[in-house]
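**Q** Here you go, this is data-v6.txt (compact mmCIF, C-alpha atoms).
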```
# COMPACT_ATOMS: atom_id res chain seq x y z
CA MET A 1 198.59 63.87 128.33
CA ILE A 2 199.70 67.44 129.03
CA ASP A 3 202.55 67.87 131.50
CA VAL A 4 200.79 70.50 133.63
CA MET A 5 203.83 71.69 135.57
CA LYS A 6 206.01 71.98 132.48
CA GLU A 7 203.46 73.78 130.32
CA LYS A 8 202.76 76.37 133.06
CA ALA A 9 206.39 77.03 133.91
CA SER A 10 207.39 78.94 130.78
CA TYR A 11 204.43 81.33 131.08
CA LEU A 12 205.03 81.96 134.77
CA SER A 13 208.67 82.66 133.94
CA THR A 14 207.63 85.08 131.20
CA PHE A 15 205.43 86.96 133.67
CA ARG A 16 208.29 87.31 136.14
CA GLN A 17 210.53 88.65 133.37
CA LEU A 18 207.94 91.15 132.16
CA GLU A 19 206.60 92.16 135.57
CA LYS A 20 209.08 94.96 136.27
CA GLU A 21 208.81 96.35 132.75
CA LEU A 22 205.00 96.24 132.82
CA ALA A 23 204.94 97.84 136.27
CA ARG A 24 206.83 100.89 134.98
CA HIS A 25 204.05 101.56 132.47
CA SER A 26 201.04 100.41 134.50
CA ARG A 27 198.79 101.97 137.09
CA PRO A 28 198.59 100.20 140.49
CA ALA A 29 195.09 98.87 139.78
CA LEU A 30 196.33 97.18 136.61
CA GLN A 31 199.29 95.65 138.39
CA ARG A 32 197.01 94.16 141.02
CA LEU A 33 194.83 92.79 138.23
CA ARG A 34 197.82 91.20 136.49
CA LYS A 35 199.06 89.52 139.67
CA ALA A 36 195.62 88.14 140.48
CA ALA A 37 195.26 86.80 136.93
CA ILE A 38 198.63 85.04 136.84
CA ALA A 39 197.86 83.48 140.23
CA ARG A 40 194.60 82.07 138.81
CA PHE A 41 196.44 80.75 135.76
CA ASP A 42 198.97 79.10 138.06
CA ASP A 43 196.10 77.43 139.94
CA MET A 44 194.30 76.21 136.81
CA GLY A 45 196.92 75.48 134.17
CA PHE A 46 195.71 74.77 130.64
CA PRO A 47 192.44 72.85 130.16
CA GLY A 48 192.69 69.10 129.75
CA PRO A 49 190.41 66.40 128.29
CA ARG A 50 188.35 66.27 131.49
CA ASP A 51 187.20 69.84 130.97
CA GLU A 52 183.85 69.44 129.23
CA ASP A 53 184.23 72.68 127.25
CA TRP A 54 187.58 71.49 125.85
CA LYS A 55 187.02 67.74 125.46
CA PHE A 56 187.29 67.83 121.64
CA THR A 57 190.45 69.98 121.51
CA ASN A 58 193.81 68.49 122.42
CA LEU A 59 196.15 71.25 123.61
CA ALA A 60 199.24 69.04 123.74
CA PRO A 61 200.72 70.49 120.49
CA LEU A 62 200.52 73.96 122.05
CA ALA A 63 201.78 72.87 125.46
CA ARG A 64 204.85 71.14 124.04
CA LEU A 65 206.23 74.40 122.61
CA SER A 66 207.84 77.32 124.41
CA PHE A 67 206.95 80.77 123.08
CA ALA A 68 208.90 83.95 123.68
CA PRO A 69 207.28 87.40 123.90
CA VAL A 70 208.25 90.08 121.39
CA HIS A 71 209.52 93.06 123.36
CA GLY A 72 208.94 95.90 120.91
CA TYR A 73 207.67 97.02 117.56
CA GLU A 74 209.80 96.20 114.53
CA ARG A 75 208.41 96.90 111.08
CA ASN A 76 210.37 94.03 109.48
CA GLY A 77 209.91 95.44 105.98
CA LEU A 78 206.13 95.70 106.22
CA SER A 79 204.36 98.37 104.19
CA LEU A 80 200.78 99.51 104.01
CA LYS A 81 200.65 98.46 100.36
CA LYS A 82 201.76 94.95 101.30
CA LEU A 83 199.13 94.70 104.04
CA GLN A 84 196.38 95.90 101.71
CA GLN A 85 197.29 93.11 99.31
CA VAL A 86 196.91 90.33 101.88
CA ALA A 87 194.42 91.61 104.49
CA PHE A 88 190.71 91.64 103.63
CA GLY A 89 188.80 94.93 103.64
CA LEU A 90 191.77 97.10 104.62
CA ASP A 91 191.33 99.65 101.86
CA GLU A 92 188.46 101.53 103.49
CA GLY A 93 187.82 103.17 106.85
CA ILE A 94 189.92 103.83 109.93
CA ARG A 95 192.84 101.53 110.66
CA LEU A 96 194.70 100.56 113.83
CA ALA A 97 197.60 98.17 113.14
CA PHE A 98 199.69 96.03 115.47
CA VAL A 99 202.76 93.97 114.59
CA ASN A 100 203.58 91.04 116.88
CA GLY A 101 201.26 92.58 119.47
CA HIS A 102 202.78 96.08 119.40
CA TYR A 103 201.11 99.22 118.09
CA ALA A 104 202.38 100.32 114.67
CA ALA A 105 201.61 104.04 114.38
CA ASP A 106 203.18 104.29 110.91
CA LEU A 107 200.77 101.65 109.55
CA SER A 108 197.70 103.13 111.25
CA SER A 109 195.30 105.94 110.36
CA ALA A 110 192.52 107.47 112.46
CA ALA A 111 191.63 110.53 110.37
CA GLY A 112 188.05 111.73 110.06
CA LEU A 113 186.69 110.54 113.39
CA PRO A 114 183.56 112.24 114.75
CA ASN A 115 183.99 114.50 117.78
CA GLY A 116 184.43 112.57 121.01
CA VAL A 117 185.26 109.23 119.40
CA VAL A 118 188.56 107.77 120.56
CA VAL A 119 190.51 105.18 118.57
CA SER A 120 193.94 104.47 120.03
CA SER A 121 196.22 101.82 121.42
CA LEU A 122 195.14 100.50 124.81
CA ALA A 123 198.49 101.55 126.28
CA ALA A 124 197.82 105.15 125.24
CA ALA A 125 194.27 104.97 126.58
CA PHE A 126 195.55 104.01 130.03
CA GLU A 127 197.29 107.38 130.11
CA ALA A 128 194.68 109.54 128.36
CA HIS A 129 191.42 107.92 129.50
CA PRO A 130 192.15 105.87 132.65
CA GLU A 131 188.67 106.36 134.09
CA ILE A 132 187.02 104.68 131.07
CA VAL A 133 189.55 101.86 130.81
CA GLU A 134 189.54 100.96 134.48
CA ALA A 135 185.73 101.08 134.61
CA HIS A 136 185.43 98.37 131.95
CA LEU A 137 188.65 96.37 131.53
CA ALA A 138 188.27 92.78 132.78
CA ARG A 139 184.80 93.55 134.17
CA HIS A 140 183.09 91.17 131.75
CA ALA A 141 185.80 88.83 130.38
CA SER A 142 186.30 86.95 133.62
CA TYR A 143 189.58 85.14 134.21
CA GLU A 144 188.41 83.24 137.30
CA ARG A 145 187.61 80.00 135.44
CA ARG A 146 189.17 80.58 132.02
CA PRO A 147 192.91 79.91 131.84
CA PHE A 148 193.56 81.65 128.52
CA THR A 149 191.71 84.76 129.67
CA ALA A 150 193.81 84.73 132.85
CA LEU A 151 196.99 84.38 130.79
CA ASN A 152 196.03 87.28 128.52
CA THR A 153 195.09 89.49 131.50
CA ALA A 154 198.48 88.84 133.08
CA LEU A 155 200.66 89.18 129.97
CA PHE A 156 199.00 91.61 127.53
CA GLN A 157 201.22 94.53 126.56
CA ASP A 158 198.92 96.42 124.20
CA GLY A 159 195.82 96.26 122.08
CA ALA A 160 193.10 98.49 120.68
CA PHE A 161 190.84 100.94 122.50
CA LEU A 162 187.63 102.25 120.96
CA PHE A 163 185.28 104.63 122.74
CA VAL A 164 182.14 106.00 121.09
CA PRO A 165 180.20 108.52 123.23
CA LYS A 166 176.41 108.56 123.27
CA ASN A 167 174.38 109.72 120.26
CA VAL A 168 177.18 109.27 117.71
CA VAL A 169 177.08 107.33 114.45
CA VAL A 170 180.56 106.37 113.14
CA GLU A 171 180.07 106.12 109.39
CA GLN A 172 183.51 104.70 108.53
CA PRO A 173 184.34 101.10 109.49
CA ILE A 174 187.12 100.73 112.07
CA HIS A 175 189.67 98.04 111.26
CA LEU A 176 191.83 96.46 113.98
CA LEU A 177 194.67 94.56 112.30
CA TYR A 178 197.04 92.17 114.08
CA VAL A 179 199.99 90.96 112.01
CA SER A 180 202.49 88.27 113.05
CA THR A 181 205.84 88.19 111.27
CA ALA A 182 208.84 85.85 111.12
CA SER A 183 211.33 86.02 113.97
CA GLY A 184 213.32 82.77 113.82
CA GLU A 185 211.78 81.31 116.98
CA PRO A 186 208.25 80.59 118.23
CA THR A 187 206.79 83.82 119.58
CA MET A 188 203.57 84.82 121.32
CA SER A 189 201.39 87.89 121.67
CA HIS A 190 198.39 88.60 123.88
CA PRO A 191 196.33 91.36 122.24
CA ARG A 192 193.72 93.02 124.44
CA ASN A 193 190.91 95.03 122.85
CA LEU A 194 188.39 97.18 124.70
CA VAL A 195 185.36 98.58 122.86
CA VAL A 196 182.87 100.83 124.67
CA VAL A 197 179.88 102.13 122.69
CA GLY A 198 177.56 104.66 124.32
CA SER A 199 173.78 104.97 124.27
CA ASN A 200 172.11 105.45 120.87
CA SER A 201 175.44 105.14 119.03
CA GLN A 202 176.44 102.97 116.09
CA VAL A 203 179.76 101.53 114.88
CA ARG A 204 181.12 98.90 112.47
CA LEU A 205 184.23 97.04 113.55
CA VAL A 206 186.53 94.65 111.64
CA GLU A 207 189.00 92.62 113.71
CA SER A 208 191.65 90.79 111.66
CA TYR A 209 194.49 88.42 112.55
CA LEU A 210 197.04 87.78 109.82
CA GLY A 211 200.18 85.66 109.62
CA LEU A 212 202.82 86.35 107.00
CA GLY A 213 204.64 83.22 105.86
CA ASP A 214 204.32 79.86 107.57
CA ASP A 215 205.81 80.63 110.96
CA THR A 216 204.98 79.05 114.30
CA TYR A 217 203.58 81.50 116.85
CA PHE A 218 200.82 81.79 119.44
CA THR A 219 198.14 84.49 119.46
CA ASN A 220 196.00 84.68 122.61
CA ALA A 221 193.50 87.52 122.14
CA ILE A 222 190.69 88.96 124.25
CA THR A 223 188.14 91.49 122.98
CA GLU A 224 185.67 93.05 125.41
CA ILE A 225 182.70 94.86 123.87
CA ILE A 226 180.23 96.90 125.91
CA ALA A 227 177.01 98.05 124.22
CA ALA A 228 175.03 100.67 126.16
CA ASP A 229 171.28 101.28 125.82
CA ASN A 230 170.10 101.23 122.20
CA ALA A 231 173.65 100.93 120.80
CA VAL A 232 174.14 99.15 117.47
CA ILE A 233 177.41 97.27 116.83
CA ASP A 234 178.23 95.42 113.62
CA HIS A 235 181.33 93.28 114.27
CA TYR A 236 183.43 91.15 111.91
CA LYS A 237 186.38 88.94 112.72
CA VAL A 238 188.67 87.49 110.04
CA GLN A 239 191.25 84.91 111.14
CA GLN A 240 194.03 84.40 108.55
CA GLU A 241 196.80 83.03 110.74
CA SER A 242 199.68 80.97 109.37
CA GLU A 243 198.92 77.25 109.07
CA SER A 244 201.63 76.61 111.68
CA ALA A 245 200.14 79.07 114.15
CA PHE A 246 198.06 78.65 117.30
CA HIS A 247 195.14 81.04 117.74
CA VAL A 248 193.04 81.18 120.90
CA ALA A 249 190.63 84.08 121.27
CA THR A 250 187.58 85.18 123.23
CA THR A 251 185.14 87.91 122.27
CA GLN A 252 183.07 88.91 125.32
CA ILE A 253 180.00 91.09 124.76
CA HIS A 254 177.80 92.79 127.34
CA GLN A 255 174.52 94.28 126.12
CA ASP A 256 172.26 96.82 127.82
CA ARG A 257 168.62 97.64 127.10
CA THR A 258 167.44 97.44 123.44
CA SER A 259 171.01 97.21 122.13
CA ASN A 260 171.73 95.28 118.94
CA PHE A 261 174.96 93.33 118.42
CA SER A 262 175.83 91.28 115.35
CA SER A 263 179.06 89.37 114.77
CA LEU A 264 180.31 87.46 111.74
CA TYR A 265 183.39 85.26 112.06
CA ILE A 266 185.50 83.94 109.17
CA GLY A 267 188.09 81.30 110.14
CA LEU A 268 190.62 80.37 107.45
CA GLY A 269 194.10 79.79 108.88
CA GLY A 270 195.83 78.32 111.90
CA ARG A 271 197.11 74.91 112.92
CA LEU A 272 195.05 74.86 116.12
CA VAL A 273 192.30 77.44 116.52
CA ARG A 274 189.86 78.06 119.35
CA ASN A 275 187.42 80.93 118.78
CA GLU A 276 185.06 81.75 121.64
CA VAL A 277 182.16 84.21 121.52
CA ARG A 278 180.30 84.91 124.75
CA VAL A 279 177.30 87.25 124.85
CA VAL A 280 175.31 88.42 127.87
CA LEU A 281 171.93 90.00 127.09
CA ASP A 282 171.63 91.82 130.39
CA ALA A 283 168.55 94.01 129.87
CA GLU A 284 165.19 93.76 128.16
CA GLY A 285 164.82 94.23 124.42
CA CYS A 286 168.34 93.15 123.41
CA GLU A 287 169.06 91.34 120.16
CA CYS A 288 172.20 89.54 119.04
CA THR A 289 173.19 87.69 115.87
CA LEU A 290 176.18 85.34 115.66
CA ASN A 291 177.20 84.02 112.25
CA GLY A 292 180.34 82.10 111.40
CA LEU A 293 182.14 80.29 108.61
CA TYR A 294 185.25 78.15 109.14
CA VAL A 295 187.17 76.54 106.28
CA ALA A 296 189.88 74.00 107.08
CA GLY A 297 191.99 71.45 105.23
CA ASN A 298 195.14 69.36 105.66
CA GLN A 299 195.38 68.65 109.40
CA GLN A 300 193.98 71.92 110.73
CA HIS A 301 191.92 71.92 113.91
CA MET A 302 189.21 74.58 114.34
CA ASP A 303 187.16 74.78 117.54
CA ASN A 304 184.19 77.18 117.70
CA PHE A 305 182.68 77.74 121.13
CA THR A 306 179.76 80.11 121.68
CA VAL A 307 177.68 81.06 124.71
CA ILE A 308 174.56 83.24 124.51
CA ASP A 309 173.34 84.14 127.99
CA HIS A 310 169.72 85.33 128.05
CA ALA A 311 169.67 87.01 131.47
CA ARG A 312 166.59 89.22 130.96
CA ALA A 313 163.17 89.00 129.34
CA HIS A 314 162.06 89.97 125.82
CA CYS A 315 165.42 89.33 124.11
CA ALA A 316 166.20 87.55 120.85
CA SER A 317 169.26 85.74 119.52
CA HIS A 318 170.03 84.18 116.14
CA GLU A 319 173.01 81.95 115.44
CA LEU A 320 174.24 80.21 112.29
CA TYR A 321 177.69 78.60 111.99
CA LYS A 322 178.88 76.74 108.91
CA GLY A 323 182.00 74.65 108.44
CA ILE A 324 183.77 73.31 105.35
CA LEU A 325 186.29 70.59 106.16
CA ASP A 326 188.66 68.86 103.73
CA GLY A 327 191.72 66.64 103.98
CA LYS A 328 192.21 65.44 107.58
CA ALA A 329 190.82 68.61 109.14
CA HIS A 330 188.96 68.44 112.45
CA GLY A 331 186.18 70.86 113.31
CA VAL A 332 184.34 71.52 116.57
CA PHE A 333 181.15 73.45 117.19
CA ASN A 334 180.00 73.76 120.79
CA GLY A 335 177.15 76.24 121.12
CA LYS A 336 175.30 76.97 124.36
CA ILE A 337 172.17 79.00 124.96
CA PHE A 338 171.28 79.76 128.60
CA VAL A 339 167.82 81.12 129.41
CA HIS A 340 167.51 82.33 133.00
CA GLN A 341 164.33 82.03 135.04
CA ASP A 342 163.53 85.75 134.63
CA ALA A 343 164.16 85.71 130.86
CA GLN A 344 160.56 85.14 129.80
CA LYS A 345 159.57 85.79 126.17
CA THR A 346 163.04 84.75 124.96
CA ASP A 347 163.31 83.95 121.24
CA ALA A 348 166.50 82.03 120.41
CA LYS A 349 167.55 80.00 117.39
CA GLN A 350 170.82 78.14 116.87
CA THR A 351 171.96 76.20 113.79
CA ASN A 352 175.23 74.49 112.88
CA GLN A 353 175.83 73.04 109.39
CA THR A 354 179.00 71.23 108.32
CA LEU A 355 180.12 70.15 104.87
CA LEU A 356 182.68 67.31 104.75
CA LEU A 357 184.62 67.22 101.48
CA SER A 358 186.75 64.18 102.30
CA ASP A 359 186.33 60.87 104.09
CA ASP A 360 189.08 61.78 106.57
CA ALA A 361 187.60 65.10 107.72
CA THR A 362 185.73 64.99 111.06
CA ILE A 363 183.40 67.23 113.04
CA ASN A 364 182.21 67.20 116.65
CA THR A 365 179.07 69.29 116.98
CA LYS A 366 177.23 69.91 120.23
CA PRO A 367 174.40 72.45 120.18
CA GLN A 368 172.92 72.93 123.67
CA LEU A 369 169.94 74.61 125.30
CA GLU A 370 169.65 75.17 129.06
CA ILE A 371 166.28 76.75 129.82
CA TYR A 372 164.86 77.79 133.20
CA ALA A 373 161.95 79.90 131.93
CA ASP A 374 158.63 78.49 130.69
CA ASP A 375 157.45 81.16 128.21
CA VAL A 376 160.14 80.98 125.54
CA LYS A 377 160.67 79.98 121.91
CA CYS A 378 164.03 78.23 121.50
CA THR A 379 165.27 75.89 118.77
CA HIS A 380 168.61 74.34 117.91
CA GLY A 381 169.90 71.89 115.35
CA ALA A 382 172.93 70.50 113.57
CA THR A 383 173.46 68.89 110.17
CA VAL A 384 176.55 67.14 108.82
CA GLY A 385 176.86 65.90 105.26
CA GLN A 386 178.61 65.84 101.93
CA LEU A 387 177.78 67.54 98.65
CA ASP A 388 174.38 66.55 97.34
CA ALA A 389 174.74 63.99 94.53
CA GLU A 390 171.51 65.08 92.84
CA SER A 391 172.67 68.70 92.71
CA ILE A 392 175.98 67.65 91.17
CA PHE A 393 174.12 65.53 88.61
CA TYR A 394 171.80 68.45 87.78
CA LEU A 395 174.74 70.79 87.11
CA ARG A 396 176.63 68.15 85.09
CA SER A 397 173.54 67.51 82.95
CA ARG A 398 173.79 71.14 81.88
CA GLY A 399 177.34 70.86 80.66
CA ILE A 400 179.23 71.76 83.84
CA GLY A 401 182.21 69.56 84.69
CA ALA A 402 182.27 67.46 87.86
CA GLN A 403 184.96 69.48 89.65
CA GLU A 404 183.41 72.81 88.69
CA ALA A 405 180.03 71.58 89.92
CA ARG A 406 181.59 70.67 93.28
CA SER A 407 183.23 74.08 93.43
CA LEU A 408 179.98 75.92 92.72
CA LEU A 409 178.05 74.01 95.36
CA THR A 410 180.78 74.47 97.97
CA PHE A 411 180.97 78.19 97.23
CA ALA A 412 177.18 78.51 97.48
CA PHE A 413 177.30 76.80 100.90
CA ALA A 414 179.94 79.26 102.12
CA ASN A 415 178.47 82.32 100.46
CA ASP A 416 175.30 82.00 102.50
CA ILE A 417 177.42 83.44 105.33
CA VAL A 418 179.74 85.73 103.36
CA SER A 419 176.82 87.41 101.57
CA ARG A 420 175.65 88.73 104.95
CA ILE A 421 178.72 90.98 105.23
CA LYS A 422 177.58 94.59 104.85
CA LEU A 423 181.03 96.01 104.00
CA GLU A 424 181.32 95.73 100.23
CA SER A 425 185.11 95.49 99.89
CA LEU A 426 185.42 92.90 102.66
CA ARG A 427 182.64 90.79 101.17
CA ALA A 428 184.01 90.98 97.61
CA GLN A 429 187.55 90.03 98.64
CA LEU A 430 186.34 87.07 100.68
CA GLU A 431 184.18 85.83 97.83
CA GLU A 432 187.15 86.03 95.46
CA PHE A 433 189.36 84.22 97.97
CA LEU A 434 186.85 81.39 98.45
CA LEU A 435 186.44 80.91 94.70
CA GLU A 436 190.20 80.83 94.20
CA THR A 437 190.65 78.39 97.08
CA GLN A 438 188.10 76.02 95.55
CA HIS A 439 189.87 76.12 92.17
CA LEU A 440 193.22 75.38 93.83
CA SER A 441 191.76 72.43 95.75
CA GLU A 442 190.24 71.11 92.53
CA GLY A 443 193.63 71.19 90.84
CA GLN A 444 195.25 69.38 93.74
CA ALA A 445 192.46 66.77 93.76
CA GLY A 446 192.97 66.22 90.04
CA LYS A 447 196.71 65.64 90.54
CA GLU A 448 196.05 63.13 93.30
CA GLU A 449 193.58 61.22 91.13
CA LEU A 450 196.17 60.99 88.33
```
Could you render the structure from this file as structure tokens?
**A**
Amino acid sequence: MIDVMKEKASYLSTFRQLEKELARHSRPALQRLRKAAIARFDDMGFPGPRDEDWKFTNLAPLARLSFAPVHGYERNGLSLKKLQQVAFGLDEGIRLAFVNGHYAADLSSAAGLPNGVVVSSLAAAFEAHPEIVEAHLARHASYERRPFTALNTALFQDGAFLFVPKNVVVEQPIHLLYVSTASGEPTMSHPRNLVVVGSNSQVRLVESYLGLGDDTYFTNAITEIIAADNAVIDHYKVQQESESAFHVATTQIHQDRTSNFSSLYIGLGGRLVRNEVRVVLDAEGCECTLNGLYVAGNQQHMDNFTVIDHARAHCASHELYKGILDGKAHGVFNGKIFVHQDAQKTDAKQTNQTLLLSDDATINTKPQLEIYADDVKCTHGATVGQLDAESIFYLRSRGIGAQEARSLLTFAFANDIVSRIKLESLRAQLEEFLLETQHLSEGQAGKEEL
């Protein structure tokens, strides 16, 4: 069981230590927001096994550790060339980089932006564009019943700010990169991203989290995305944390009339990972697509939690999450679709598929529909299985070895998601990584058999 008082104490102490420093750089409205958020976190503490949304994820390994904030940006020998070698899709587009939660101007580049588009650190946006930030920050990612959102709202020091005015198409992809580096002690960062896209505008966004080495740290990230009327947003998230890291993140999306939002999540690293995506389709004619692929081995734990809230009529949602679990990995998929009484003519489909490569890997899958309208078309389903024996036999009968056959079938299962990535360099690098990972796992399996 989690010691509630003990696990809260270190975070409350961190807030008291940072409060004066944050107050010097914050507007009064933000300070009031921070104090309200830390008070809610104090009331709630971290979720326990009785919380239905967290029943399959044991937070005790996170609660037992104390994490210290990093107080400023240190490059620690990082170079752009090094980052391009290890981060997917970083060689094209606009780049905003953060190291241990702090903006790294020397590793960032925002050249070639269309007129009126703003890409900057959130701290800078508070000074340059306070009216936009204060109109949207924490308006949709509520901290009232979500402890990690409350913690981020109280403790975030920086993050990314993206504003696209109406009637603008941003041709270049915008890459938000968060890098965690070694520090000798467990550290934490609370990145906060705010993305506001105006009417009739379009943007492609890549959000990446990368750990260098095998260090223990805690990333608690919140991304708020607001899509105005007829906006089109193509969003990708790549999670490559260290296998000793804890990663908890929420992406909160609010859609207005006839907007189109698509998100594709790739989860690869982390010791304990919780990735939440929450979408509110708040006007007629909205469409959203959520795709995800999580690959875990050893004793990794990956929890995927999604909520699609159909609040208005004539909206559509499509969701496909796939998991590949090996070793003693544990996966969770908990997907909810809410259809409100006024959301007639809703069309929603949700699918979760999991591939278990070992007898010790486990998955808890819980697709859910909650429907209060009577004129809707909604489906959901989940499948769990191993590699198809007949398919392996077919490939082997054509001269392909057993391990290579397994690798090809596993890659084909994963590539159904990866092939949907529209950014060529990101897609190609992920495909290469997945192929290489399969070959490495084959070699390890061969050693164990010997």
**Q** Quick one: of A:Phe41, A:Phe411, A:Tyr73, A:Phe15, who's nearest to A:Lys322, counting all atoms listed in the file?
**A** A:Phe411
**Q** For A:Tyr11, which of A:Phe393, A:Phe333, A:Phe56, A:Phe46 is the closest residue, counting all atoms listed in the file?
**A** A:Phe46
**Q** As an exercise, work out the distance from atom CA of A:Lys81 to atom CA of A:Phe163 in Å and give it to one decimal place.
**A**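 Value for the atom CA of A:Lys81-atom CA of A:Phe163 distance: 27.8 Å.
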**Q** Could you name the residues that touch A:Asn275 at 8 Å or less, counting only C-alpha atoms, but leaving out those on the same chain fewer than 2 positions away, as a short mmCIF file (atom, residue, chain, number, x, y, z; two decimals) with C-alpha atoms, keeping the file's coordinate frame?
**A**
```cif
data_model
loop_
_atom_site.label_atom_id
_atom_site.label_comp_id
_atom_site.auth_asym_id
_atom_site.auth_seq_id
_atom_site.Cartn_x
_atom_site.Cartn_y
_atom_site.Cartn_z
CA HIS A 247 195.14 81.04 117.74
CA VAL A 248 193.04 81.18 120.90
CA ALA A 249 190.63 84.08 121.27
CA THR A 250 187.58 85.18 123.23
CA VAL A 273 192.30 77.44 116.52
CA VAL A 277 182.16 84.21 121.52
CA MET A 302 189.21 74.58 114.34
CA ASP A 303 187.16 74.78 117.54
CA ASN A 304 184.19 77.18 117.70
CA PHE A 305 182.68 77.74 121.13
#
```
**Q** Could you name the residues that touch A:Asp256 at 8 Å or less, counting only C-alpha atoms, but leaving out those on the same chain fewer than 3 positions away, as a PyMOL selection string?
**A** chain A and resi 227-230+259+281-284+286
**Q** Once you have the residues from the selection above, write them out as a tab-separated table (two decimals), in the frame of the given file, restricted to C-alpha atoms.
**A**
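Okay, result15.tsv is ready:
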```tsv
chain	number	residue	atom	x	y	z
A	227	ALA	CA	177.01	98.05	124.22
A	228	ALA	CA	175.03	100.67	126.16
A	229	ASP	CA	171.28	101.28	125.82
A	230	ASN	CA	170.10	101.23	122.20
A	259	SER	CA	171.01	97.21	122.13
A	281	LEU	CA	171.93	90.00	127.09
A	282	ASP	CA	171.63	91.82	130.39
A	283	ALA	CA	168.55	94.01	129.87
A	284	GLU	CA	165.19	93.76	128.16
A	286	CYS	CA	168.34	93.15	123.41
```
**Q** From the options A:Gln368, A:Gln252, A:Ser201, A:Gln172, which residue's atoms come nearest to A:Arg139, counting all atoms listed in the file?
**A**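 Answer, going by the shortest atom-to-atom distance: A:Gln252.
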**Q** What does the structure give for the distance between atom CA of A:Ser425 and atom CA of A:Gly89, in Å to one decimal?
**A**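 Interatomic distance here is 5.3 Å.
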**Q** How far is it from atom CA of A:Ile363 to atom CA of A:Gly331, in Å with one decimal?
**A** 4.6 Å
**Q** Using all atoms listed in the file, determine which residues lie at most 9 Å from A:Thr354, disregarding the query and same-chain residues fewer than 2 positions distant; provide the list as a list of chain:residue names.
**A** A:Tyr321, A:Lys322, A:Gly323, A:Ile324, A:Leu325, A:Gly331, A:Asn352, A:Leu356, A:Ile363, A:Thr365, A:Ala382, A:Thr383, A:Val384, A:Gly385, A:Gln386
**Q** Extract, using all atoms listed in the file, all DNA, RNA and protein residues at most 10 Å from A:Val133, discarding same-chain residues fewer than 3 positions from it, and format them as a PyMOL selection string.
**A** chain A and resi 122+125-130+136-138+161+163+194-196
**Q** Using all atoms listed in the file, which of A:Ser199, A:Thr219, A:Asn298, A:Gln31 sits nearest A:Thr258?
**A**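 Using all atoms listed in the file, A:Thr258 sits closest to A:Ser199.
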**Q** With all atoms listed in the file as the basis for distance, which of A:Glu241, A:Glu287, A:Glu21, A:Glu144 is at the shortest distance from A:Ala39?
**A** A:Glu144
**Q** Nearest to A:Thr187 among A:Gln429, A:Ser120, A:Asn100, A:Ser263, with distances taken over all atoms listed in the file: which residue is it?
**A**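 With all atoms listed in the file as the atom set, the closest residue is A:Asn100.
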